[in-house]
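Reproduced below: query_19.cif, with mmCIF, C-alpha atoms.
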```
data_model
#
loop_
_atom_site.group_PDB
_atom_site.id
_atom_site.type_symbol
_atom_site.label_atom_id
_atom_site.label_comp_id
_atom_site.auth_asym_id
_atom_site.auth_seq_id
_atom_site.Cartn_x
_atom_site.Cartn_y
_atom_site.Cartn_z
ATOM 1 C CA MET A 1 -22.726 20.113 -45.221
ATOM 2 C CA SER A 2 -23.881 23.285 -43.527
ATOM 3 C CA LEU A 3 -24.451 23.607 -39.824
ATOM 4 C CA THR A 4 -25.679 26.660 -38.022
ATOM 5 C CA ARG A 5 -23.626 27.940 -35.145
ATOM 6 C CA ARG A 6 -26.252 26.612 -32.710
ATOM 7 C CA GLU A 7 -26.249 23.118 -34.211
ATOM 8 C CA THR A 8 -22.461 22.990 -34.097
ATOM 9 C CA LEU A 9 -22.481 23.902 -30.415
ATOM 10 C CA VAL A 10 -25.084 21.274 -29.613
ATOM 11 C CA LEU A 11 -23.156 18.634 -31.489
ATOM 12 C CA GLY A 12 -19.885 19.604 -29.859
ATOM 13 C CA GLY A 13 -21.437 19.606 -26.418
ATOM 14 C CA GLY A 14 -22.968 16.210 -27.046
ATOM 15 C CA ALA A 15 -19.678 14.768 -28.177
ATOM 16 C CA LEU A 16 -17.943 16.183 -25.132
ATOM 17 C CA ALA A 17 -20.588 14.736 -22.815
ATOM 18 C CA LEU A 18 -20.249 11.372 -24.514
ATOM 19 C CA ALA A 19 -16.486 11.477 -24.218
ATOM 20 C CA THR A 20 -16.712 12.312 -20.511
ATOM 21 C CA VAL A 21 -19.186 9.537 -19.824
ATOM 22 C CA GLY A 22 -17.184 7.137 -21.948
ATOM 23 C CA LEU A 23 -13.843 7.945 -20.370
ATOM 24 C CA GLN A 24 -14.664 7.918 -16.717
ATOM 25 C CA PRO A 25 -14.819 4.170 -16.054
ATOM 26 C CA MET A 26 -11.699 3.593 -18.158
ATOM 27 C CA PRO A 27 -8.960 3.490 -15.491
ATOM 28 C CA ALA A 28 -10.826 0.892 -13.444
ATOM 29 C CA LEU A 29 -11.579 -1.181 -16.536
ATOM 30 C CA ALA A 30 -8.005 -0.957 -17.759
ATOM 31 C CA ALA A 31 -6.715 -2.045 -14.346
ATOM 32 C CA ALA A 32 -9.113 -4.983 -14.250
ATOM 33 C CA ALA A 33 -7.999 -5.956 -17.762
ATOM 34 C CA ASP A 34 -4.333 -5.841 -16.703
ATOM 35 C CA ALA A 35 -5.095 -8.066 -13.725
ATOM 36 C CA GLN A 36 -7.065 -10.442 -15.956
ATOM 37 C CA ALA A 37 -4.194 -10.625 -18.466
ATOM 38 C CA LEU A 38 -1.785 -11.385 -15.630
ATOM 39 C CA ILE A 39 -4.015 -14.192 -14.361
ATOM 40 C CA MET A 40 -4.403 -15.677 -17.852
ATOM 41 C CA GLU A 41 -0.641 -15.675 -18.287
ATOM 42 C CA PHE A 42 -0.279 -17.532 -14.987
ATOM 43 C CA THR A 43 -3.004 -20.100 -15.768
ATOM 44 C CA GLY A 44 -1.900 -20.631 -19.369
ATOM 45 C CA GLY A 45 -5.186 -19.231 -20.677
ATOM 46 C CA LYS A 46 -7.469 -21.338 -18.485
ATOM 47 C CA GLU A 47 -10.411 -19.744 -16.725
ATOM 48 C CA PRO A 48 -9.910 -20.421 -12.984
ATOM 49 C CA GLN A 49 -12.638 -22.340 -11.144
ATOM 50 C CA SER A 50 -13.840 -21.463 -7.673
ATOM 51 C CA GLY A 51 -13.143 -23.710 -4.684
ATOM 52 C CA ARG A 52 -10.102 -25.378 -3.099
ATOM 53 C CA ILE A 53 -8.341 -22.052 -2.526
ATOM 54 C CA THR A 54 -9.143 -19.715 0.347
ATOM 55 C CA LEU A 55 -7.832 -16.173 0.495
ATOM 56 C CA THR A 56 -8.009 -14.530 3.894
ATOM 57 C CA ALA A 57 -7.772 -10.742 4.021
ATOM 58 C CA PRO A 58 -9.304 -8.079 6.247
ATOM 59 C CA GLU A 59 -12.576 -6.512 5.124
ATOM 60 C CA ILE A 60 -11.278 -3.094 6.094
ATOM 61 C CA ALA A 61 -7.598 -2.202 6.063
ATOM 62 C CA GLU A 62 -6.911 1.038 7.901
ATOM 63 C CA ASN A 63 -3.384 1.194 6.555
ATOM 64 C CA GLY A 64 -2.868 0.191 2.931
ATOM 65 C CA ASN A 65 0.879 -0.003 3.532
ATOM 66 C CA THR A 66 0.653 -3.255 5.366
ATOM 67 C CA VAL A 67 -2.353 -5.486 4.822
ATOM 68 C CA PRO A 68 -2.040 -9.039 6.179
ATOM 69 C CA VAL A 69 -3.159 -11.683 3.687
ATOM 70 C CA SER A 70 -2.961 -15.445 3.727
ATOM 71 C CA VAL A 71 -3.798 -18.210 1.295
ATOM 72 C CA SER A 72 -4.574 -21.835 1.851
ATOM 73 C CA VAL A 73 -5.172 -24.454 -0.842
ATOM 74 C CA GLU A 74 -6.638 -27.919 -0.275
ATOM 75 C CA SER A 75 -4.122 -30.419 -1.570
ATOM 76 C CA PRO A 76 -2.516 -33.676 -0.402
ATOM 77 C CA MET A 77 0.902 -32.202 -1.372
ATOM 78 C CA THR A 78 2.273 -35.543 -2.602
ATOM 79 C CA ASP A 79 4.814 -35.928 -5.433
ATOM 80 C CA ASP A 80 1.996 -36.465 -7.972
ATOM 81 C CA ASP A 81 -0.589 -34.066 -6.637
ATOM 82 C CA TYR A 82 0.500 -30.751 -5.209
ATOM 83 C CA VAL A 83 0.023 -27.031 -5.599
ATOM 84 C CA GLU A 84 2.745 -25.659 -7.851
ATOM 85 C CA ALA A 85 2.138 -21.983 -7.351
ATOM 86 C CA VAL A 86 -0.207 -19.348 -6.011
ATOM 87 C CA MET A 87 -0.293 -15.853 -7.464
ATOM 88 C CA LEU A 88 -1.591 -12.827 -5.579
ATOM 89 C CA VAL A 89 -3.098 -10.008 -7.627
ATOM 90 C CA ALA A 90 -4.336 -6.575 -6.546
ATOM 91 C CA GLU A 91 -6.620 -5.380 -9.307
ATOM 92 C CA GLU A 92 -6.149 -1.638 -8.896
ATOM 93 C CA ASN A 93 -2.598 -1.228 -7.685
ATOM 94 C CA PRO A 94 -0.264 0.653 -10.069
ATOM 95 C CA ASN A 95 1.188 -2.782 -10.813
ATOM 96 C CA PRO A 96 -1.415 -5.509 -10.151
ATOM 97 C CA ASP A 97 1.225 -8.201 -9.622
ATOM 98 C CA VAL A 98 1.866 -8.712 -5.885
ATOM 99 C CA ALA A 99 3.761 -11.970 -5.457
ATOM 100 C CA THR A 100 3.918 -15.557 -6.659
ATOM 101 C CA PHE A 101 4.463 -18.313 -4.125
ATOM 102 C CA ARG A 102 5.955 -21.577 -5.365
ATOM 103 C CA PHE A 103 5.393 -24.722 -3.355
ATOM 104 C CA THR A 104 6.873 -28.221 -3.474
ATOM 105 C CA PRO A 105 5.666 -31.508 -1.977
ATOM 106 C CA MET A 106 8.106 -30.704 0.840
ATOM 107 C CA SER A 107 5.978 -27.702 1.756
ATOM 108 C CA GLY A 108 3.647 -30.202 3.440
ATOM 109 C CA SER A 109 0.693 -27.877 2.948
ATOM 110 C CA ALA A 110 -0.052 -25.089 0.490
ATOM 111 C CA GLU A 111 -0.393 -22.346 3.042
ATOM 112 C CA ALA A 112 1.381 -19.025 3.103
ATOM 113 C CA ALA A 113 0.961 -15.567 4.553
ATOM 114 C CA THR A 114 2.499 -12.179 3.895
ATOM 115 C CA ARG A 115 1.775 -8.453 4.197
ATOM 116 C CA MET A 116 0.963 -6.408 1.147
ATOM 117 C CA ARG A 117 0.374 -2.860 -0.061
ATOM 118 C CA LEU A 118 -2.969 -1.714 -1.420
ATOM 119 C CA ALA A 119 -3.231 1.656 -3.174
ATOM 120 C CA LYS A 120 -6.988 1.908 -2.575
ATOM 121 C CA THR A 121 -10.153 -0.097 -1.986
ATOM 122 C CA GLN A 122 -10.158 -2.978 -4.437
ATOM 123 C CA ASN A 123 -10.412 -6.699 -5.121
ATOM 124 C CA VAL A 124 -7.513 -8.902 -4.126
ATOM 125 C CA MET A 125 -7.317 -12.218 -5.946
ATOM 126 C CA ALA A 126 -5.415 -15.417 -5.275
ATOM 127 C CA VAL A 127 -5.014 -17.980 -8.056
ATOM 128 C CA ALA A 128 -3.648 -21.475 -7.479
ATOM 129 C CA ARG A 129 -2.144 -23.675 -10.175
ATOM 130 C CA MET A 130 -2.028 -27.407 -9.437
ATOM 131 C CA LYS A 131 0.507 -29.946 -10.693
ATOM 132 C CA ASP A 132 -2.115 -31.280 -13.144
ATOM 133 C CA GLY A 133 -2.615 -27.797 -14.578
ATOM 134 C CA SER A 134 -6.045 -27.102 -13.073
ATOM 135 C CA VAL A 135 -6.508 -23.592 -11.682
ATOM 136 C CA PHE A 136 -8.613 -22.201 -8.854
ATOM 137 C CA MET A 137 -9.289 -18.671 -7.690
ATOM 138 C CA ASP A 138 -10.620 -16.822 -4.681
ATOM 139 C CA LYS A 139 -11.377 -13.115 -4.500
ATOM 140 C CA HIS A 140 -11.787 -10.721 -1.609
ATOM 141 C CA GLU A 141 -12.661 -7.044 -1.546
ATOM 142 C CA VAL A 142 -10.565 -5.009 0.875
ATOM 143 C CA LYS A 143 -11.673 -1.504 1.814
ATOM 144 C CA VAL A 144 -8.639 0.696 2.309
ATOM 145 C CA THR A 145 -8.784 3.800 4.539
ATOM 146 C CA ILE A 146 -5.277 5.128 3.789
ATOM 147 C CA GLY A 147 -3.713 3.991 0.529
ATOM 148 C CA GLY A 148 -0.261 2.481 0.563
ATOM 149 C CA CYS A 149 1.672 3.376 -2.537
ATOM 150 C CA GLY A 150 3.053 6.776 -1.628
ATOM 151 C CA GLY A 151 2.896 9.597 -4.103
ATOM 152 C CA MET B 19 20.273 1.532 2.508
ATOM 153 C CA ALA B 20 20.160 0.328 6.063
ATOM 154 C CA GLU B 21 21.555 -3.070 6.887
ATOM 155 C CA SER B 22 19.118 -5.879 6.109
ATOM 156 C CA LYS B 23 18.873 -8.173 9.070
ATOM 157 C CA PRO B 24 16.856 -11.360 8.620
ATOM 158 C CA ARG B 25 14.849 -12.846 11.461
ATOM 159 C CA VAL B 26 13.413 -16.349 11.279
ATOM 160 C CA LYS B 27 11.276 -18.444 13.573
ATOM 161 C CA VAL B 28 11.703 -22.180 13.063
ATOM 162 C CA PRO B 29 11.012 -24.938 15.599
ATOM 163 C CA LYS B 30 14.328 -26.450 16.737
ATOM 164 C CA THR B 31 12.903 -29.956 16.959
ATOM 165 C CA ALA B 32 10.136 -31.784 15.125
ATOM 166 C CA ALA B 33 8.725 -35.278 14.733
ATOM 167 C CA LYS B 34 9.589 -37.085 11.485
ATOM 168 C CA GLY B 35 7.000 -36.132 8.855
ATOM 169 C CA GLU B 36 5.553 -33.316 10.956
ATOM 170 C CA VAL B 37 4.394 -30.198 9.115
ATOM 171 C CA ILE B 38 5.911 -27.175 10.841
ATOM 172 C CA THR B 39 5.177 -23.468 10.397
ATOM 173 C CA ILE B 40 8.053 -21.143 9.574
ATOM 174 C CA LYS B 41 7.980 -17.350 9.893
ATOM 175 C CA THR B 42 10.524 -15.022 8.337
ATOM 176 C CA LEU B 43 11.073 -11.285 8.228
ATOM 177 C CA ILE B 44 13.843 -9.081 6.866
ATOM 178 C CA ASN B 45 14.419 -5.365 7.414
ATOM 179 C CA HIS B 46 14.073 -3.644 4.075
ATOM 180 C CA THR B 47 12.412 -0.415 2.902
ATOM 181 C CA MET B 48 10.981 -2.107 -0.234
ATOM 182 C CA GLU B 49 11.144 1.153 -2.191
ATOM 183 C CA SER B 50 8.331 0.649 -4.687
ATOM 184 C CA GLY B 51 9.491 2.982 -7.455
ATOM 185 C CA GLN B 52 6.100 4.718 -7.294
ATOM 186 C CA ARG B 53 7.132 7.387 -4.804
ATOM 187 C CA LYS B 54 8.584 10.823 -5.483
ATOM 188 C CA ASP B 55 11.075 12.769 -3.376
ATOM 189 C CA SER B 56 10.450 16.333 -2.128
ATOM 190 C CA ASP B 57 11.591 17.762 -5.496
ATOM 191 C CA GLY B 58 9.126 15.601 -7.400
ATOM 192 C CA ASN B 59 11.742 13.233 -8.806
ATOM 193 C CA PRO B 60 10.797 9.569 -8.791
ATOM 194 C CA ILE B 61 12.661 7.490 -6.195
ATOM 195 C CA PRO B 62 14.089 4.440 -7.991
ATOM 196 C CA ARG B 63 12.717 1.038 -7.106
ATOM 197 C CA GLN B 64 14.744 -1.091 -4.741
ATOM 198 C CA ILE B 65 13.065 -4.162 -3.333
ATOM 199 C CA ILE B 66 13.749 -7.710 -2.263
ATOM 200 C CA ASN B 67 12.590 -9.505 -5.428
ATOM 201 C CA MET B 68 13.008 -13.145 -4.428
ATOM 202 C CA PHE B 69 12.812 -15.220 -1.268
ATOM 203 C CA THR B 70 13.759 -18.903 -1.127
ATOM 204 C CA ALA B 71 13.736 -21.576 1.567
ATOM 205 C CA GLU B 72 15.702 -24.815 1.066
ATOM 206 C CA PHE B 73 16.046 -27.782 3.380
ATOM 207 C CA ASN B 74 19.207 -29.876 2.949
ATOM 208 C CA GLY B 75 19.455 -28.445 -0.567
ATOM 209 C CA SER B 76 15.843 -29.173 -1.673
ATOM 210 C CA LYS B 77 13.480 -26.333 -2.340
ATOM 211 C CA VAL B 78 10.654 -25.959 0.169
ATOM 212 C CA PHE B 79 9.117 -22.602 -0.682
ATOM 213 C CA GLU B 80 9.856 -19.679 -2.934
ATOM 214 C CA ALA B 81 8.276 -16.259 -3.400
ATOM 215 C CA GLU B 82 8.689 -14.017 -6.420
ATOM 216 C CA ILE B 83 8.142 -10.571 -5.029
ATOM 217 C CA GLU B 84 6.800 -7.385 -6.577
ATOM 218 C CA PRO B 85 6.786 -3.857 -5.107
ATOM 219 C CA ALA B 86 3.296 -4.493 -3.670
ATOM 220 C CA ILE B 87 4.828 -6.475 -0.815
ATOM 221 C CA SER B 88 5.090 -4.294 2.319
ATOM 222 C CA ALA B 89 8.314 -2.904 3.760
ATOM 223 C CA ASN B 90 10.146 -5.431 5.960
ATOM 224 C CA PRO B 91 8.770 -8.333 3.915
ATOM 225 C CA TYR B 92 7.202 -11.047 6.025
ATOM 226 C CA PHE B 93 6.555 -14.611 4.888
ATOM 227 C CA GLU B 94 4.918 -17.443 6.712
ATOM 228 C CA PHE B 95 4.762 -20.947 5.201
ATOM 229 C CA THR B 96 4.981 -24.604 6.136
ATOM 230 C CA MET B 97 7.400 -27.477 5.689
ATOM 231 C CA ARG B 98 7.133 -31.242 6.116
ATOM 232 C CA VAL B 99 10.238 -32.341 8.040
ATOM 233 C CA PRO B 100 11.673 -35.525 6.461
ATOM 234 C CA GLU B 101 14.845 -35.796 8.557
ATOM 235 C CA SER B 102 17.233 -33.752 10.686
ATOM 236 C CA GLY B 103 18.931 -31.026 8.740
ATOM 237 C CA THR B 104 19.381 -27.372 8.009
ATOM 238 C CA ILE B 105 16.934 -24.941 6.497
ATOM 239 C CA ARG B 106 18.503 -22.116 4.560
ATOM 240 C CA PHE B 107 16.712 -18.872 3.711
ATOM 241 C CA THR B 108 17.835 -16.511 0.965
ATOM 242 C CA TRP B 109 16.642 -13.014 0.105
ATOM 243 C CA VAL B 110 17.741 -11.360 -3.163
ATOM 244 C CA ASP B 111 17.872 -7.570 -3.381
ATOM 245 C CA ASP B 112 17.368 -5.552 -6.615
ATOM 246 C CA ASP B 113 20.931 -4.214 -6.133
ATOM 247 C CA GLY B 114 22.280 -7.764 -6.346
ATOM 248 C CA SER B 115 22.915 -8.260 -2.629
ATOM 249 C CA VAL B 116 21.968 -11.641 -1.243
ATOM 250 C CA TYR B 117 21.092 -12.030 2.419
ATOM 251 C CA SER B 118 20.854 -15.430 4.022
ATOM 252 C CA GLU B 119 20.121 -17.185 7.279
ATOM 253 C CA GLU B 120 20.287 -20.833 8.397
ATOM 254 C CA GLN B 121 18.760 -22.858 11.157
ATOM 255 C CA ALA B 122 19.077 -26.491 12.152
ATOM 256 C CA ILE B 123 16.036 -28.674 12.738
ATOM 257 C CA GLU B 124 16.457 -31.891 14.694
ATOM 258 C CA VAL B 125 14.112 -34.839 14.257
ATOM 259 C CA ASN B 126 13.459 -36.464 17.614
#
```

Take the structure in this file and express it as structure tokens.
Amino acid sequence: MSLTRRETLVLGGGALALATVGLQPMPALAAAADAQALIMEFTGGKEPQSGRITLTAPEIAENGNTVPVSVSVESPMTDDDYVEAVMLVAEENPNPDVATFRFTPMSGSAEAATRMRLAKTQNVMAVARMKDGSVFMDKHEVKVTIGGCGG
Amino acid sequence: MAESKPRVKVPKTAAKGEVITIKTLINHTMESGQRKDSDGNPIPRQIINMFTAEFNGSKVFEAEIEPAISANPYFEFTMRVPESGTIRFTWVDDDGSVYSEEQAIEVN
């Protein structure tokens, strides 16, 4: 195979351009994949449905160090039918796992609130797992003005 | 690390079967492990990794906590009050320390 100097340059440049284009969306995709893997582990491989769970978070968080979030799941919270757990996931934090809340029928309602850190603007997800194994998810994008993971 | 002082807000009285709201907070830096000191060395993680609430020995609520929970971790949740008794809160630190707080609830 014989390439002229010019052809080699063109090829090399093309490859470089391709690599740049190909690489740029990677971190976001990788983060989303991590979050997805985490959710699948929590649900036991089931795809979560929408409904029953409501995630409340601000649309804009000025300070990513302390973002108030709350979750609420519709459930009678009886011994046979209650919400076992709710997992909070922040797709693009260095570690997407935020917290897992575990409820019991004694909780009376599946409602909880906390304050979390968000490194940057991203989707926050809440996934609920019921006693019968069904899973539900809600998702909320939070725009972050100042990220909250230090550096 | 500064002393971790829990603060809880629980109604002192409730009707039997009433669902009450409980708020808790504990002073803690929640060092995420992501930060670096002025020399560029990573600051090791030290967080509260578990929070539990039990009423008369039965579990009411539990949170498994990751570094993405803010400093001075705050939790708000609910409980159905079956009878008079004591609610006990426990926070577990990465360094093995356990902080706890109790409050009585009287059914009227």

Exercise for the section: Considering all atoms listed in the file, return as an MDAnalysis selection string whatever protein or nucleic-acid residues lie within 9 Å of range 49-51 of chain B, sequence-local ones (same chain, fewer than 3 positions apart) excluded. Expected result: (chainID A and resid 149:150) or (chainID B and resid 46 54 60:65 84:87 89)

Practice task
Could the residues of chain B within 8 Å of chain A, counting only C-alpha atoms, be given as JSON, numbers by chain, please?
Solution key: {"B": [37, 50, 52, 53, 54, 77, 78, 79, 80, 81, 82, 83, 84, 85, 86, 87, 88, 89, 91, 92, 93, 94, 95, 96, 97, 98, 99]}

Practice task
Starting from the displayed file, determine the output of the PyMOL selection byres ((chain B and resi 106-118) around 9) and express the residue list as JSON, numbers by chain.
Solution key: {"B": [22, 23, 24, 26, 42, 44, 63, 64, 65, 66, 67, 68, 69, 70, 71, 72, 73, 74, 75, 104, 105, 119, 120, 121, 122]}

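Distance-wise, CA of Met125 in chain A and CA of Glu141 in chain A end up 8.6 Å apart.
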
Exercise for the section: Could you tell me how far CA of Ala126 in chain A lies from CA of Thr145 in chain A, in Å and to one decimal? Expected result: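 It comes out at 21.8 Å.
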
Exercise for the section: Given the file shown, determine the residues that the PyMOL selection byres ((chain A and resi 132) around 9) selects; report them as a PyMOL selection string. Expected result: chain A and resi 80-83+129-131+133-135

Handout entry: Interatomic distance, CA of Pro29 in chain B to CA of Lys41 in chain B (Å, one decimal)
Key = 10.0 Å

Practice task
Run the PyMOL selection byres ((chain A and resi 37-52) around 7) on the file and write out the hits as an MDAnalysis selection string.
Solution key: chainID A and resid 33:36 53:54 73:74 129 135:138

Calculate, to one decimal in Å, the centre and edge lengths of the box along x, y and z of the file that holds all listed atoms of range 60-68 of chain A with 6 Å of margin on each side, and present them as lines of an AutoDock Vina configuration file.
```
center_x = -5.2
center_y = -3.9
center_z = 5.4
size_x = 24.2
size_y = 22.2
size_z = 17.0
```

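Checking B:Ser76, B:Gly58, B:Arg25, B:Val125 one by one against Ile38 in chain B, counting all atoms listed in the file, you find the shortest gap at B:Val125.
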
Practice task
Find, counting all atoms listed in the file, the residue in B:Ile123, B:Asp55, B:Glu101, B:Asn90 that gets nearest to Lys34 in chain B.
Solution key: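 Distance minimum relative to Lys34 in chain B lands on B:Glu101.
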
Output requested as an mmCIF file, in the coordinates of the input - range 83-93 of chain A, filled out with all heavy atoms.
```
data_model
loop_
_atom_site.group_PDB
_atom_site.id
_atom_site.type_symbol
_atom_site.label_atom_id
_atom_site.label_comp_id
_atom_site.auth_asym_id
_atom_site.auth_seq_id
_atom_site.Cartn_x
_atom_site.Cartn_y
_atom_site.Cartn_z
ATOM 1 N N VAL A 83 0.243 -28.379 -5.082
ATOM 2 C CA VAL A 83 0.023 -27.031 -5.599
ATOM 3 C C VAL A 83 1.369 -26.488 -6.058
ATOM 4 O O VAL A 83 2.300 -26.401 -5.256
ATOM 5 C CB VAL A 83 -0.576 -26.111 -4.505
ATOM 6 C CG1 VAL A 83 -0.836 -24.722 -5.066
ATOM 7 C CG2 VAL A 83 -1.845 -26.717 -3.936
ATOM 8 N N GLU A 84 1.471 -26.167 -7.335
ATOM 9 C CA GLU A 84 2.745 -25.659 -7.851
ATOM 10 C C GLU A 84 2.978 -24.217 -7.422
ATOM 11 O O GLU A 84 4.064 -23.863 -6.985
ATOM 12 C CB GLU A 84 2.729 -25.680 -9.389
ATOM 13 C CG GLU A 84 3.134 -26.978 -9.994
ATOM 14 C CD GLU A 84 3.218 -26.885 -11.507
ATOM 15 O OE1 GLU A 84 2.692 -25.915 -12.106
ATOM 16 O OE2 GLU A 84 3.801 -27.795 -12.092
ATOM 17 N N ALA A 85 1.937 -23.403 -7.596
ATOM 18 C CA ALA A 85 2.138 -21.983 -7.351
ATOM 19 C C ALA A 85 0.825 -21.282 -7.036
ATOM 20 O O ALA A 85 -0.246 -21.734 -7.444
ATOM 21 C CB ALA A 85 2.785 -21.331 -8.575
ATOM 22 N N VAL A 86 0.940 -20.214 -6.293
ATOM 23 C CA VAL A 86 -0.207 -19.348 -6.011
ATOM 24 C C VAL A 86 0.214 -17.918 -6.340
ATOM 25 O O VAL A 86 1.277 -17.472 -5.905
ATOM 26 C CB VAL A 86 -0.639 -19.431 -4.528
ATOM 27 C CG1 VAL A 86 -1.660 -18.342 -4.195
ATOM 28 C CG2 VAL A 86 -1.215 -20.803 -4.212
ATOM 29 N N MET A 87 -0.602 -17.230 -7.119
ATOM 30 C CA MET A 87 -0.293 -15.853 -7.464
ATOM 31 C C MET A 87 -1.275 -14.926 -6.765
ATOM 32 O O MET A 87 -2.479 -15.182 -6.759
ATOM 33 C CB MET A 87 -0.360 -15.647 -8.971
ATOM 34 C CG MET A 87 0.027 -14.232 -9.373
ATOM 35 S SD MET A 87 0.229 -14.027 -11.156
ATOM 36 C CE MET A 87 -1.448 -14.176 -11.657
ATOM 37 N N LEU A 88 -0.752 -13.854 -6.204
ATOM 38 C CA LEU A 88 -1.591 -12.827 -5.579
ATOM 39 C C LEU A 88 -1.667 -11.627 -6.513
ATOM 40 O O LEU A 88 -0.643 -11.168 -7.022
ATOM 41 C CB LEU A 88 -0.973 -12.365 -4.265
ATOM 42 C CG LEU A 88 -1.158 -13.252 -3.035
ATOM 43 C CD1 LEU A 88 -0.356 -12.655 -1.874
ATOM 44 C CD2 LEU A 88 -2.627 -13.346 -2.657
ATOM 45 N N VAL A 89 -2.893 -11.122 -6.713
ATOM 46 C CA VAL A 89 -3.098 -10.008 -7.627
ATOM 47 C C VAL A 89 -3.953 -8.948 -6.941
ATOM 48 O O VAL A 89 -4.962 -9.270 -6.323
ATOM 49 C CB VAL A 89 -3.813 -10.497 -8.915
ATOM 50 C CG1 VAL A 89 -4.087 -9.341 -9.860
ATOM 51 C CG2 VAL A 89 -2.992 -11.567 -9.614
ATOM 52 N N ALA A 90 -3.538 -7.697 -7.054
ATOM 53 C CA ALA A 90 -4.336 -6.575 -6.546
ATOM 54 C C ALA A 90 -4.775 -5.767 -7.750
ATOM 55 O O ALA A 90 -3.969 -5.115 -8.408
ATOM 56 C CB ALA A 90 -3.512 -5.721 -5.595
ATOM 57 N N GLU A 91 -6.058 -5.876 -8.056
ATOM 58 C CA GLU A 91 -6.620 -5.380 -9.307
ATOM 59 C C GLU A 91 -6.260 -3.920 -9.614
ATOM 60 O O GLU A 91 -5.977 -3.575 -10.745
ATOM 61 C CB GLU A 91 -8.136 -5.521 -9.219
ATOM 62 C CG GLU A 91 -8.812 -5.792 -10.519
ATOM 63 C CD GLU A 91 -10.279 -6.150 -10.300
ATOM 64 O OE1 GLU A 91 -11.019 -5.358 -9.670
ATOM 65 O OE2 GLU A 91 -10.662 -7.221 -10.738
ATOM 66 N N GLU A 92 -6.303 -3.063 -8.602
ATOM 67 C CA GLU A 92 -6.149 -1.638 -8.896
ATOM 68 C C GLU A 92 -4.913 -0.997 -8.310
ATOM 69 O O GLU A 92 -4.861 0.213 -8.107
ATOM 70 C CB GLU A 92 -7.415 -0.894 -8.471
ATOM 71 C CG GLU A 92 -8.558 -1.312 -9.380
ATOM 72 C CD GLU A 92 -9.800 -0.490 -9.172
ATOM 73 O OE1 GLU A 92 -9.672 0.730 -9.061
ATOM 74 O OE2 GLU A 92 -10.877 -1.089 -9.114
ATOM 75 N N ASN A 93 -3.895 -1.797 -8.034
ATOM 76 C CA ASN A 93 -2.598 -1.228 -7.685
ATOM 77 C C ASN A 93 -1.940 -0.734 -8.973
ATOM 78 O O ASN A 93 -2.312 -1.182 -10.063
ATOM 79 C CB ASN A 93 -1.716 -2.306 -7.042
ATOM 80 C CG ASN A 93 -1.883 -2.363 -5.530
ATOM 81 O OD1 ASN A 93 -2.716 -1.669 -4.955
ATOM 82 N ND2 ASN A 93 -1.088 -3.189 -4.894
#
```
